[in-house]
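Q: Contents are compact mmCIF, N, CA and C atoms; file name model.txt:
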# COMPACT_ATOMS: atom_id res chain seq x y z
N MET A 1 -72.66 41.25 -46.12
CA MET A 1 -73.24 40.21 -46.96
C MET A 1 -72.18 39.75 -47.97
N THR A 2 -72.03 38.46 -48.11
CA THR A 2 -71.01 37.91 -49.00
C THR A 2 -71.61 37.54 -50.36
N ASN A 3 -70.79 37.61 -51.38
CA ASN A 3 -71.22 37.23 -52.72
C ASN A 3 -70.82 35.81 -53.08
N ALA A 4 -70.31 35.07 -52.12
CA ALA A 4 -69.89 33.69 -52.38
C ALA A 4 -71.11 32.86 -52.78
N PRO A 5 -70.95 32.01 -53.80
CA PRO A 5 -72.07 31.17 -54.20
C PRO A 5 -72.46 30.18 -53.10
N HIS A 6 -73.71 29.80 -53.09
CA HIS A 6 -74.21 28.79 -52.17
C HIS A 6 -73.39 27.52 -52.38
N PRO A 7 -73.12 26.75 -51.32
CA PRO A 7 -72.31 25.54 -51.47
C PRO A 7 -72.79 24.59 -52.58
N LEU A 8 -74.11 24.45 -52.74
CA LEU A 8 -74.60 23.57 -53.80
C LEU A 8 -74.29 24.14 -55.18
N GLN A 9 -74.37 25.46 -55.32
CA GLN A 9 -74.01 26.09 -56.58
C GLN A 9 -72.51 25.96 -56.82
N GLN A 10 -71.71 26.02 -55.75
CA GLN A 10 -70.27 25.82 -55.89
C GLN A 10 -69.98 24.47 -56.53
N ILE A 11 -70.72 23.44 -56.15
CA ILE A 11 -70.51 22.09 -56.71
C ILE A 11 -70.86 22.09 -58.20
N ASN A 12 -71.97 22.70 -58.57
CA ASN A 12 -72.32 22.80 -60.00
C ASN A 12 -71.23 23.53 -60.77
N ASN A 13 -70.75 24.64 -60.22
CA ASN A 13 -69.69 25.41 -60.87
C ASN A 13 -68.41 24.58 -60.99
N PHE A 14 -68.10 23.81 -59.95
CA PHE A 14 -66.92 22.96 -59.95
C PHE A 14 -66.97 21.99 -61.14
N PHE A 15 -68.11 21.31 -61.31
CA PHE A 15 -68.20 20.33 -62.39
C PHE A 15 -68.33 21.00 -63.76
N ASP A 16 -68.87 22.21 -63.81
CA ASP A 16 -68.84 22.97 -65.07
C ASP A 16 -67.39 23.28 -65.46
N SER A 17 -66.57 23.64 -64.48
CA SER A 17 -65.14 23.89 -64.74
C SER A 17 -64.45 22.62 -65.21
N TYR A 18 -64.81 21.51 -64.60
CA TYR A 18 -64.24 20.22 -64.99
C TYR A 18 -64.60 19.93 -66.46
N ALA A 19 -65.86 20.18 -66.83
CA ALA A 19 -66.31 19.93 -68.20
C ALA A 19 -65.54 20.79 -69.20
N VAL A 20 -65.30 22.05 -68.87
CA VAL A 20 -64.53 22.94 -69.76
C VAL A 20 -63.13 22.39 -69.95
N ALA A 21 -62.51 21.93 -68.86
CA ALA A 21 -61.17 21.35 -68.97
C ALA A 21 -61.20 20.11 -69.85
N LEU A 22 -62.22 19.26 -69.70
CA LEU A 22 -62.34 18.08 -70.55
C LEU A 22 -62.48 18.47 -72.03
N GLU A 23 -63.35 19.43 -72.31
CA GLU A 23 -63.59 19.86 -73.70
C GLU A 23 -62.33 20.41 -74.35
N HIS A 24 -61.48 21.04 -73.56
CA HIS A 24 -60.26 21.64 -74.10
C HIS A 24 -59.05 20.71 -73.95
N TYR A 25 -59.31 19.46 -73.53
CA TYR A 25 -58.24 18.49 -73.31
C TYR A 25 -57.16 19.09 -72.40
N ASP A 26 -57.61 19.89 -71.43
CA ASP A 26 -56.72 20.58 -70.50
C ASP A 26 -56.44 19.66 -69.31
N THR A 27 -55.50 18.75 -69.50
CA THR A 27 -55.23 17.76 -68.47
C THR A 27 -54.62 18.38 -67.21
N LYS A 28 -53.88 19.44 -67.35
CA LYS A 28 -53.34 20.15 -66.18
C LYS A 28 -54.49 20.77 -65.38
N GLY A 29 -55.46 21.36 -66.08
CA GLY A 29 -56.63 21.92 -65.42
C GLY A 29 -57.47 20.86 -64.73
N MET A 30 -57.58 19.69 -65.37
CA MET A 30 -58.32 18.59 -64.75
C MET A 30 -57.62 18.14 -63.48
N ALA A 31 -56.30 17.94 -63.56
CA ALA A 31 -55.53 17.47 -62.41
C ALA A 31 -55.62 18.47 -61.26
N PHE A 32 -55.71 19.78 -61.58
CA PHE A 32 -55.80 20.82 -60.55
C PHE A 32 -57.06 20.64 -59.70
N LEU A 33 -58.10 20.02 -60.25
CA LEU A 33 -59.35 19.85 -59.53
C LEU A 33 -59.33 18.66 -58.56
N TYR A 34 -58.22 17.95 -58.55
CA TYR A 34 -58.06 16.79 -57.67
C TYR A 34 -57.13 17.11 -56.51
N ASN A 35 -57.46 16.54 -55.37
CA ASN A 35 -56.58 16.57 -54.21
C ASN A 35 -55.46 15.55 -54.46
N ILE A 36 -54.29 15.84 -54.01
CA ILE A 36 -53.20 14.87 -54.05
C ILE A 36 -52.87 14.52 -52.60
N PRO A 37 -52.99 13.27 -52.15
CA PRO A 37 -53.32 12.09 -52.95
C PRO A 37 -54.81 12.00 -53.24
N CYS A 38 -55.11 11.22 -54.30
CA CYS A 38 -56.50 10.93 -54.66
C CYS A 38 -56.55 9.50 -55.18
N THR A 39 -57.75 8.99 -55.26
CA THR A 39 -57.96 7.62 -55.73
C THR A 39 -59.02 7.62 -56.82
N LEU A 40 -58.74 6.89 -57.91
CA LEU A 40 -59.68 6.69 -59.00
C LEU A 40 -59.98 5.20 -59.04
N ILE A 41 -61.27 4.84 -58.97
CA ILE A 41 -61.61 3.42 -58.98
C ILE A 41 -62.73 3.13 -59.96
N SER A 42 -62.70 1.91 -60.46
CA SER A 42 -63.75 1.34 -61.28
C SER A 42 -63.84 -0.13 -60.90
N ASP A 43 -64.72 -0.88 -61.55
CA ASP A 43 -64.81 -2.31 -61.24
C ASP A 43 -63.48 -3.02 -61.48
N ASP A 44 -62.73 -2.58 -62.48
CA ASP A 44 -61.50 -3.27 -62.89
C ASP A 44 -60.23 -2.75 -62.22
N THR A 45 -60.21 -1.50 -61.79
CA THR A 45 -58.96 -0.92 -61.31
C THR A 45 -59.17 -0.03 -60.09
N THR A 46 -58.12 0.09 -59.33
CA THR A 46 -58.02 1.07 -58.24
C THR A 46 -56.65 1.71 -58.39
N THR A 47 -56.62 3.02 -58.60
CA THR A 47 -55.36 3.71 -58.81
C THR A 47 -55.25 4.87 -57.83
N LEU A 48 -54.17 4.86 -57.07
CA LEU A 48 -53.88 5.94 -56.13
C LEU A 48 -52.83 6.84 -56.76
N PHE A 49 -53.09 8.13 -56.75
CA PHE A 49 -52.13 9.10 -57.28
C PHE A 49 -51.59 9.94 -56.14
N ASN A 50 -50.26 9.92 -55.98
CA ASN A 50 -49.57 10.74 -54.99
C ASN A 50 -48.83 11.90 -55.63
N ASP A 51 -48.94 12.02 -56.95
CA ASP A 51 -48.17 13.00 -57.72
C ASP A 51 -49.07 13.58 -58.80
N SER A 52 -49.21 14.89 -58.83
CA SER A 52 -50.12 15.52 -59.79
C SER A 52 -49.65 15.33 -61.24
N THR A 53 -48.34 15.21 -61.47
CA THR A 53 -47.87 15.02 -62.85
C THR A 53 -48.24 13.63 -63.36
N LYS A 54 -48.25 12.63 -62.47
CA LYS A 54 -48.68 11.29 -62.88
C LYS A 54 -50.19 11.28 -63.15
N LEU A 55 -50.95 12.01 -62.35
CA LEU A 55 -52.39 12.12 -62.59
C LEU A 55 -52.63 12.81 -63.93
N GLU A 56 -51.90 13.86 -64.20
CA GLU A 56 -52.01 14.56 -65.48
C GLU A 56 -51.67 13.62 -66.64
N GLY A 57 -50.64 12.80 -66.48
CA GLY A 57 -50.28 11.82 -67.50
C GLY A 57 -51.41 10.82 -67.75
N PHE A 58 -52.06 10.40 -66.68
CA PHE A 58 -53.21 9.50 -66.80
C PHE A 58 -54.32 10.19 -67.61
N PHE A 59 -54.57 11.46 -67.31
CA PHE A 59 -55.60 12.20 -68.04
C PHE A 59 -55.20 12.42 -69.50
N ASN A 60 -53.90 12.52 -69.78
CA ASN A 60 -53.46 12.64 -71.17
C ASN A 60 -53.90 11.44 -72.00
N MET A 61 -53.85 10.24 -71.40
CA MET A 61 -54.31 9.04 -72.11
C MET A 61 -55.81 9.15 -72.41
N GLY A 62 -56.58 9.62 -71.44
CA GLY A 62 -58.02 9.79 -71.65
C GLY A 62 -58.31 10.85 -72.69
N ALA A 63 -57.55 11.94 -72.69
CA ALA A 63 -57.75 13.01 -73.68
C ALA A 63 -57.48 12.48 -75.08
N ALA A 64 -56.47 11.63 -75.22
CA ALA A 64 -56.18 11.04 -76.54
C ALA A 64 -57.36 10.21 -77.01
N PHE A 65 -57.97 9.45 -76.11
CA PHE A 65 -59.15 8.67 -76.45
C PHE A 65 -60.28 9.59 -76.90
N TYR A 66 -60.54 10.64 -76.12
CA TYR A 66 -61.63 11.56 -76.45
C TYR A 66 -61.42 12.20 -77.83
N LYS A 67 -60.19 12.59 -78.12
CA LYS A 67 -59.88 13.16 -79.44
C LYS A 67 -60.12 12.13 -80.53
N GLN A 68 -59.63 10.92 -80.31
CA GLN A 68 -59.75 9.85 -81.30
C GLN A 68 -61.22 9.58 -81.65
N PHE A 69 -62.10 9.61 -80.66
CA PHE A 69 -63.50 9.29 -80.89
C PHE A 69 -64.39 10.51 -81.09
N GLY A 70 -63.78 11.69 -81.24
CA GLY A 70 -64.52 12.87 -81.63
C GLY A 70 -65.34 13.53 -80.55
N ILE A 71 -64.97 13.32 -79.30
CA ILE A 71 -65.70 13.98 -78.22
C ILE A 71 -65.27 15.44 -78.19
N ALA A 72 -66.26 16.32 -78.39
CA ALA A 72 -65.97 17.75 -78.50
C ALA A 72 -66.69 18.57 -77.43
N LYS A 73 -67.77 18.04 -76.86
CA LYS A 73 -68.55 18.78 -75.88
C LYS A 73 -68.90 17.82 -74.74
N VAL A 74 -68.85 18.36 -73.52
CA VAL A 74 -69.10 17.55 -72.33
C VAL A 74 -70.08 18.31 -71.44
N ARG A 75 -71.09 17.59 -70.96
CA ARG A 75 -72.05 18.23 -70.07
C ARG A 75 -72.23 17.40 -68.80
N PRO A 76 -71.93 17.99 -67.66
CA PRO A 76 -72.17 17.28 -66.39
C PRO A 76 -73.57 17.59 -65.88
N GLU A 77 -74.25 16.58 -65.43
CA GLU A 77 -75.54 16.78 -64.77
C GLU A 77 -75.39 16.25 -63.35
N VAL A 78 -75.36 17.18 -62.39
CA VAL A 78 -75.22 16.79 -60.99
C VAL A 78 -76.57 16.28 -60.52
N TRP A 79 -76.59 14.99 -60.18
CA TRP A 79 -77.85 14.35 -59.78
C TRP A 79 -78.14 14.52 -58.31
N ASN A 80 -77.14 14.35 -57.49
CA ASN A 80 -77.37 14.59 -56.07
C ASN A 80 -76.08 14.92 -55.36
N ARG A 81 -76.23 15.56 -54.22
CA ARG A 81 -75.11 15.94 -53.38
C ARG A 81 -75.49 15.55 -51.95
N ARG A 82 -74.59 14.85 -51.32
CA ARG A 82 -74.84 14.46 -49.94
C ARG A 82 -73.68 14.94 -49.10
N GLU A 83 -73.97 15.85 -48.20
CA GLU A 83 -72.93 16.38 -47.33
C GLU A 83 -72.66 15.36 -46.23
N TRP A 84 -71.41 14.91 -46.17
CA TRP A 84 -71.03 13.97 -45.13
C TRP A 84 -70.58 14.71 -43.89
N THR A 85 -69.81 15.78 -44.09
CA THR A 85 -69.42 16.68 -43.00
C THR A 85 -69.48 18.09 -43.59
N GLY A 86 -69.10 19.07 -42.82
CA GLY A 86 -69.09 20.43 -43.32
C GLY A 86 -68.05 20.66 -44.43
N ARG A 87 -67.08 19.74 -44.56
CA ARG A 87 -66.00 19.91 -45.53
C ARG A 87 -65.87 18.74 -46.51
N ILE A 88 -66.75 17.74 -46.40
CA ILE A 88 -66.70 16.57 -47.28
C ILE A 88 -68.09 16.33 -47.83
N ILE A 89 -68.15 16.11 -49.16
CA ILE A 89 -69.43 15.92 -49.82
C ILE A 89 -69.33 14.79 -50.85
N ASN A 90 -70.39 14.03 -50.98
CA ASN A 90 -70.50 12.98 -51.98
C ASN A 90 -71.41 13.50 -53.09
N VAL A 91 -70.96 13.37 -54.34
CA VAL A 91 -71.71 13.92 -55.47
C VAL A 91 -71.85 12.86 -56.55
N LYS A 92 -73.07 12.68 -57.05
CA LYS A 92 -73.32 11.79 -58.19
C LYS A 92 -73.50 12.65 -59.43
N VAL A 93 -72.71 12.34 -60.48
CA VAL A 93 -72.75 13.12 -61.71
C VAL A 93 -73.00 12.19 -62.89
N ASN A 94 -73.91 12.59 -63.77
CA ASN A 94 -74.10 11.92 -65.06
C ASN A 94 -73.41 12.78 -66.09
N TRP A 95 -72.41 12.20 -66.76
CA TRP A 95 -71.65 12.91 -67.79
C TRP A 95 -72.24 12.57 -69.15
N GLU A 96 -72.46 13.59 -69.97
CA GLU A 96 -72.93 13.40 -71.34
C GLU A 96 -71.86 13.91 -72.29
N TYR A 97 -71.50 13.08 -73.27
CA TYR A 97 -70.45 13.41 -74.23
C TYR A 97 -71.07 13.56 -75.62
N PHE A 98 -70.64 14.62 -76.34
CA PHE A 98 -71.20 14.95 -77.64
C PHE A 98 -70.08 15.16 -78.66
N ASP A 99 -70.43 14.99 -79.94
CA ASP A 99 -69.45 15.25 -81.00
C ASP A 99 -69.51 16.72 -81.40
N VAL A 100 -68.72 17.09 -82.40
CA VAL A 100 -68.61 18.49 -82.84
C VAL A 100 -69.95 19.03 -83.36
N LEU A 101 -70.84 18.13 -83.82
CA LEU A 101 -72.16 18.54 -84.31
C LEU A 101 -73.21 18.53 -83.19
N ASN A 102 -72.73 18.36 -81.96
CA ASN A 102 -73.59 18.32 -80.77
C ASN A 102 -74.50 17.09 -80.74
N GLN A 103 -74.09 16.03 -81.44
CA GLN A 103 -74.82 14.76 -81.40
C GLN A 103 -74.31 13.95 -80.22
N PRO A 104 -75.21 13.31 -79.47
CA PRO A 104 -74.77 12.54 -78.31
C PRO A 104 -73.89 11.35 -78.71
N ILE A 105 -72.85 11.12 -77.94
CA ILE A 105 -71.98 9.97 -78.15
C ILE A 105 -72.33 8.90 -77.11
N TYR A 106 -72.17 9.23 -75.84
CA TYR A 106 -72.60 8.33 -74.77
C TYR A 106 -72.75 9.12 -73.48
N LYS A 107 -73.38 8.48 -72.49
CA LYS A 107 -73.55 9.03 -71.15
C LYS A 107 -72.98 8.01 -70.17
N CYS A 108 -72.51 8.50 -69.02
CA CYS A 108 -72.05 7.59 -67.98
C CYS A 108 -72.17 8.27 -66.61
N ASP A 109 -72.11 7.44 -65.59
CA ASP A 109 -72.28 7.92 -64.22
C ASP A 109 -70.99 7.80 -63.43
N TYR A 110 -70.77 8.77 -62.59
CA TYR A 110 -69.64 8.79 -61.67
C TYR A 110 -70.14 9.19 -60.29
N GLN A 111 -69.47 8.70 -59.28
CA GLN A 111 -69.65 9.17 -57.91
C GLN A 111 -68.32 9.80 -57.50
N TYR A 112 -68.40 10.92 -56.83
CA TYR A 112 -67.21 11.63 -56.37
C TYR A 112 -67.32 11.92 -54.89
N VAL A 113 -66.17 11.93 -54.23
CA VAL A 113 -66.08 12.49 -52.89
C VAL A 113 -65.17 13.69 -53.02
N LEU A 114 -65.71 14.85 -52.64
CA LEU A 114 -64.96 16.11 -52.68
C LEU A 114 -64.72 16.59 -51.26
N LYS A 115 -63.57 17.26 -51.10
CA LYS A 115 -63.24 17.81 -49.80
C LYS A 115 -62.73 19.23 -50.00
N LEU A 116 -63.10 20.11 -49.09
CA LEU A 116 -62.57 21.47 -49.13
C LEU A 116 -61.11 21.44 -48.71
N ASP A 117 -60.24 22.07 -49.51
CA ASP A 117 -58.82 22.12 -49.15
C ASP A 117 -58.59 23.27 -48.16
N LYS A 118 -57.33 23.50 -47.82
CA LYS A 118 -57.01 24.54 -46.83
C LYS A 118 -57.38 25.93 -47.30
N ASN A 119 -57.55 26.12 -48.63
CA ASN A 119 -57.97 27.42 -49.18
C ASN A 119 -59.47 27.47 -49.47
N ASN A 120 -60.21 26.49 -48.94
CA ASN A 120 -61.66 26.38 -49.12
C ASN A 120 -62.06 26.21 -50.59
N HIS A 121 -61.24 25.47 -51.35
CA HIS A 121 -61.59 25.08 -52.71
C HIS A 121 -61.93 23.60 -52.72
N TRP A 122 -63.02 23.25 -53.41
CA TRP A 122 -63.38 21.84 -53.52
C TRP A 122 -62.34 21.11 -54.36
N LYS A 123 -61.95 19.93 -53.93
CA LYS A 123 -61.03 19.05 -54.65
C LYS A 123 -61.57 17.63 -54.58
N ILE A 124 -61.42 16.89 -55.67
CA ILE A 124 -61.85 15.49 -55.70
C ILE A 124 -60.80 14.65 -54.98
N ILE A 125 -61.24 13.86 -54.01
CA ILE A 125 -60.32 12.94 -53.35
C ILE A 125 -60.60 11.50 -53.78
N LEU A 126 -61.82 11.25 -54.28
CA LEU A 126 -62.19 9.91 -54.75
C LEU A 126 -63.11 10.06 -55.95
N SER A 127 -62.76 9.35 -57.03
CA SER A 127 -63.56 9.34 -58.25
C SER A 127 -63.90 7.88 -58.56
N VAL A 128 -65.20 7.57 -58.64
CA VAL A 128 -65.65 6.21 -58.91
C VAL A 128 -66.38 6.18 -60.24
N SER A 129 -65.81 5.47 -61.20
CA SER A 129 -66.46 5.26 -62.49
C SER A 129 -67.49 4.15 -62.32
N VAL A 130 -68.77 4.51 -62.36
CA VAL A 130 -69.83 3.54 -62.13
C VAL A 130 -70.04 2.67 -63.37
N ASN A 131 -70.07 3.31 -64.55
CA ASN A 131 -70.41 2.53 -65.75
C ASN A 131 -69.81 3.08 -67.04
N GLU A 132 -68.74 3.87 -66.96
CA GLU A 132 -68.21 4.47 -68.19
C GLU A 132 -67.69 3.40 -69.16
N LYS A 133 -66.96 2.42 -68.66
CA LYS A 133 -66.41 1.39 -69.55
C LYS A 133 -67.54 0.68 -70.30
N GLU A 134 -68.60 0.31 -69.59
CA GLU A 134 -69.73 -0.38 -70.21
C GLU A 134 -70.42 0.50 -71.25
N ARG A 135 -70.61 1.78 -70.92
CA ARG A 135 -71.28 2.68 -71.86
C ARG A 135 -70.43 2.91 -73.11
N MET A 136 -69.11 3.02 -72.96
CA MET A 136 -68.23 3.17 -74.12
C MET A 136 -68.29 1.92 -74.98
N GLU A 137 -68.27 0.75 -74.33
CA GLU A 137 -68.33 -0.51 -75.09
C GLU A 137 -69.65 -0.62 -75.85
N GLU A 138 -70.77 -0.26 -75.22
CA GLU A 138 -72.07 -0.27 -75.89
C GLU A 138 -72.04 0.63 -77.12
N TRP A 139 -71.46 1.82 -76.96
CA TRP A 139 -71.38 2.77 -78.06
C TRP A 139 -70.53 2.21 -79.19
N LYS A 140 -69.40 1.59 -78.87
CA LYS A 140 -68.51 1.02 -79.88
C LYS A 140 -69.21 -0.14 -80.62
N VAL A 141 -69.94 -0.97 -79.90
CA VAL A 141 -70.63 -2.11 -80.49
C VAL A 141 -71.66 -1.65 -81.52
N LYS A 142 -72.23 -0.47 -81.30
CA LYS A 142 -73.22 0.06 -82.24
C LYS A 142 -72.56 0.54 -83.54
N GLY A 143 -71.26 0.32 -83.65
CA GLY A 143 -70.57 0.65 -84.90
C GLY A 143 -69.93 2.02 -84.92
N ASN A 144 -69.76 2.61 -83.75
CA ASN A 144 -69.20 3.95 -83.71
C ASN A 144 -67.70 3.97 -83.43
N GLY A 145 -67.19 2.88 -82.91
CA GLY A 145 -65.79 2.89 -82.53
C GLY A 145 -65.00 2.08 -83.48
Turn the structure described in the file into structure tokens.
A:
Amino acid sequence: MTNAPHPLQQINNFFDSYAVALEHYDTKGMAFLYNIPCTLISDDTTTLFNDSTKLEGFFNMGAAFYKQFGIAKVRPEVWNRREWTGRIINVKVNWEYFDVLNQPIYKCDYQYVLKLDKNNHWKIILSVSVNEKERMEEWKVKGNG
């Protein structure tokens, strides 16, 4: 009998690890959770990363934003998981961002495609920002930014 977590629990654990890296502004840890190459897309941009140091640099810009606006706690809520194959899964996550007093800052949705790597570790190959830019803008308009 194996003690390996159920695949669905593995996905929850994966995004909990991602949240810890975000909270600690650990851009190297965040980049480690991505497959190289990977693609990050939103309505405005499509960015392909073939180099983990460039991906880490991209995350450094995001970490600077999070620090500037006081994001101190991050909570992922995995809404659904759809297995496409035995090694590829689509996951919808609602991210909630909080300040140091645990007050909500904003929420946003992402869709991810994860694939098991050769060591059977989940890695993000595609990250789709569904509405983060809009949610940040709404929050700023309310006088917070």
Q: Could you tell me how far atom CA of Glu56 of chain A sits from atom CA of Trp95 of chain A, in Å to one decimal place?
A: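 So the two atoms, atom CA of Trp95 of chain A and atom CA of Glu56 of chain A, lie 19.8 Å apart.
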Q: Calculate how many Å separate atom C of Asp44 of chain A from atom C of Glu132 of chain A, rounding to one decimal.
A: 11.9 Å
Q: Ranking A:Val78, A:Met30, A:Ile124, A:Leu101 by minimum distance to Leu55 of chain A and counting only N, CA and C atoms, which one comes first?
A: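 Using only N, CA and C atoms, Leu55 of chain A sits closest to A:Met30.
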Q: Among segment 6-74 of chain A, which ones does DSSP place in alpha helix (DSSP H), written as a VMD selection string?
A: chain A and resid 7 to 23 27 to 32 52 to 68
Q: From the list A:Lys142, A:Asn13, A:Asn35, A:Lys73, which residue is nearest Leu126 of chain A when using only C-alpha atoms?
A: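 Closest to Leu126 of chain A of all the choices is A:Asn35.
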Q: Pick from A:Tyr97, A:Tyr25, A:Trp139, A:Phe32: nearest to Val74 of chain A, with all atoms listed in the file counted?
A: A:Tyr97
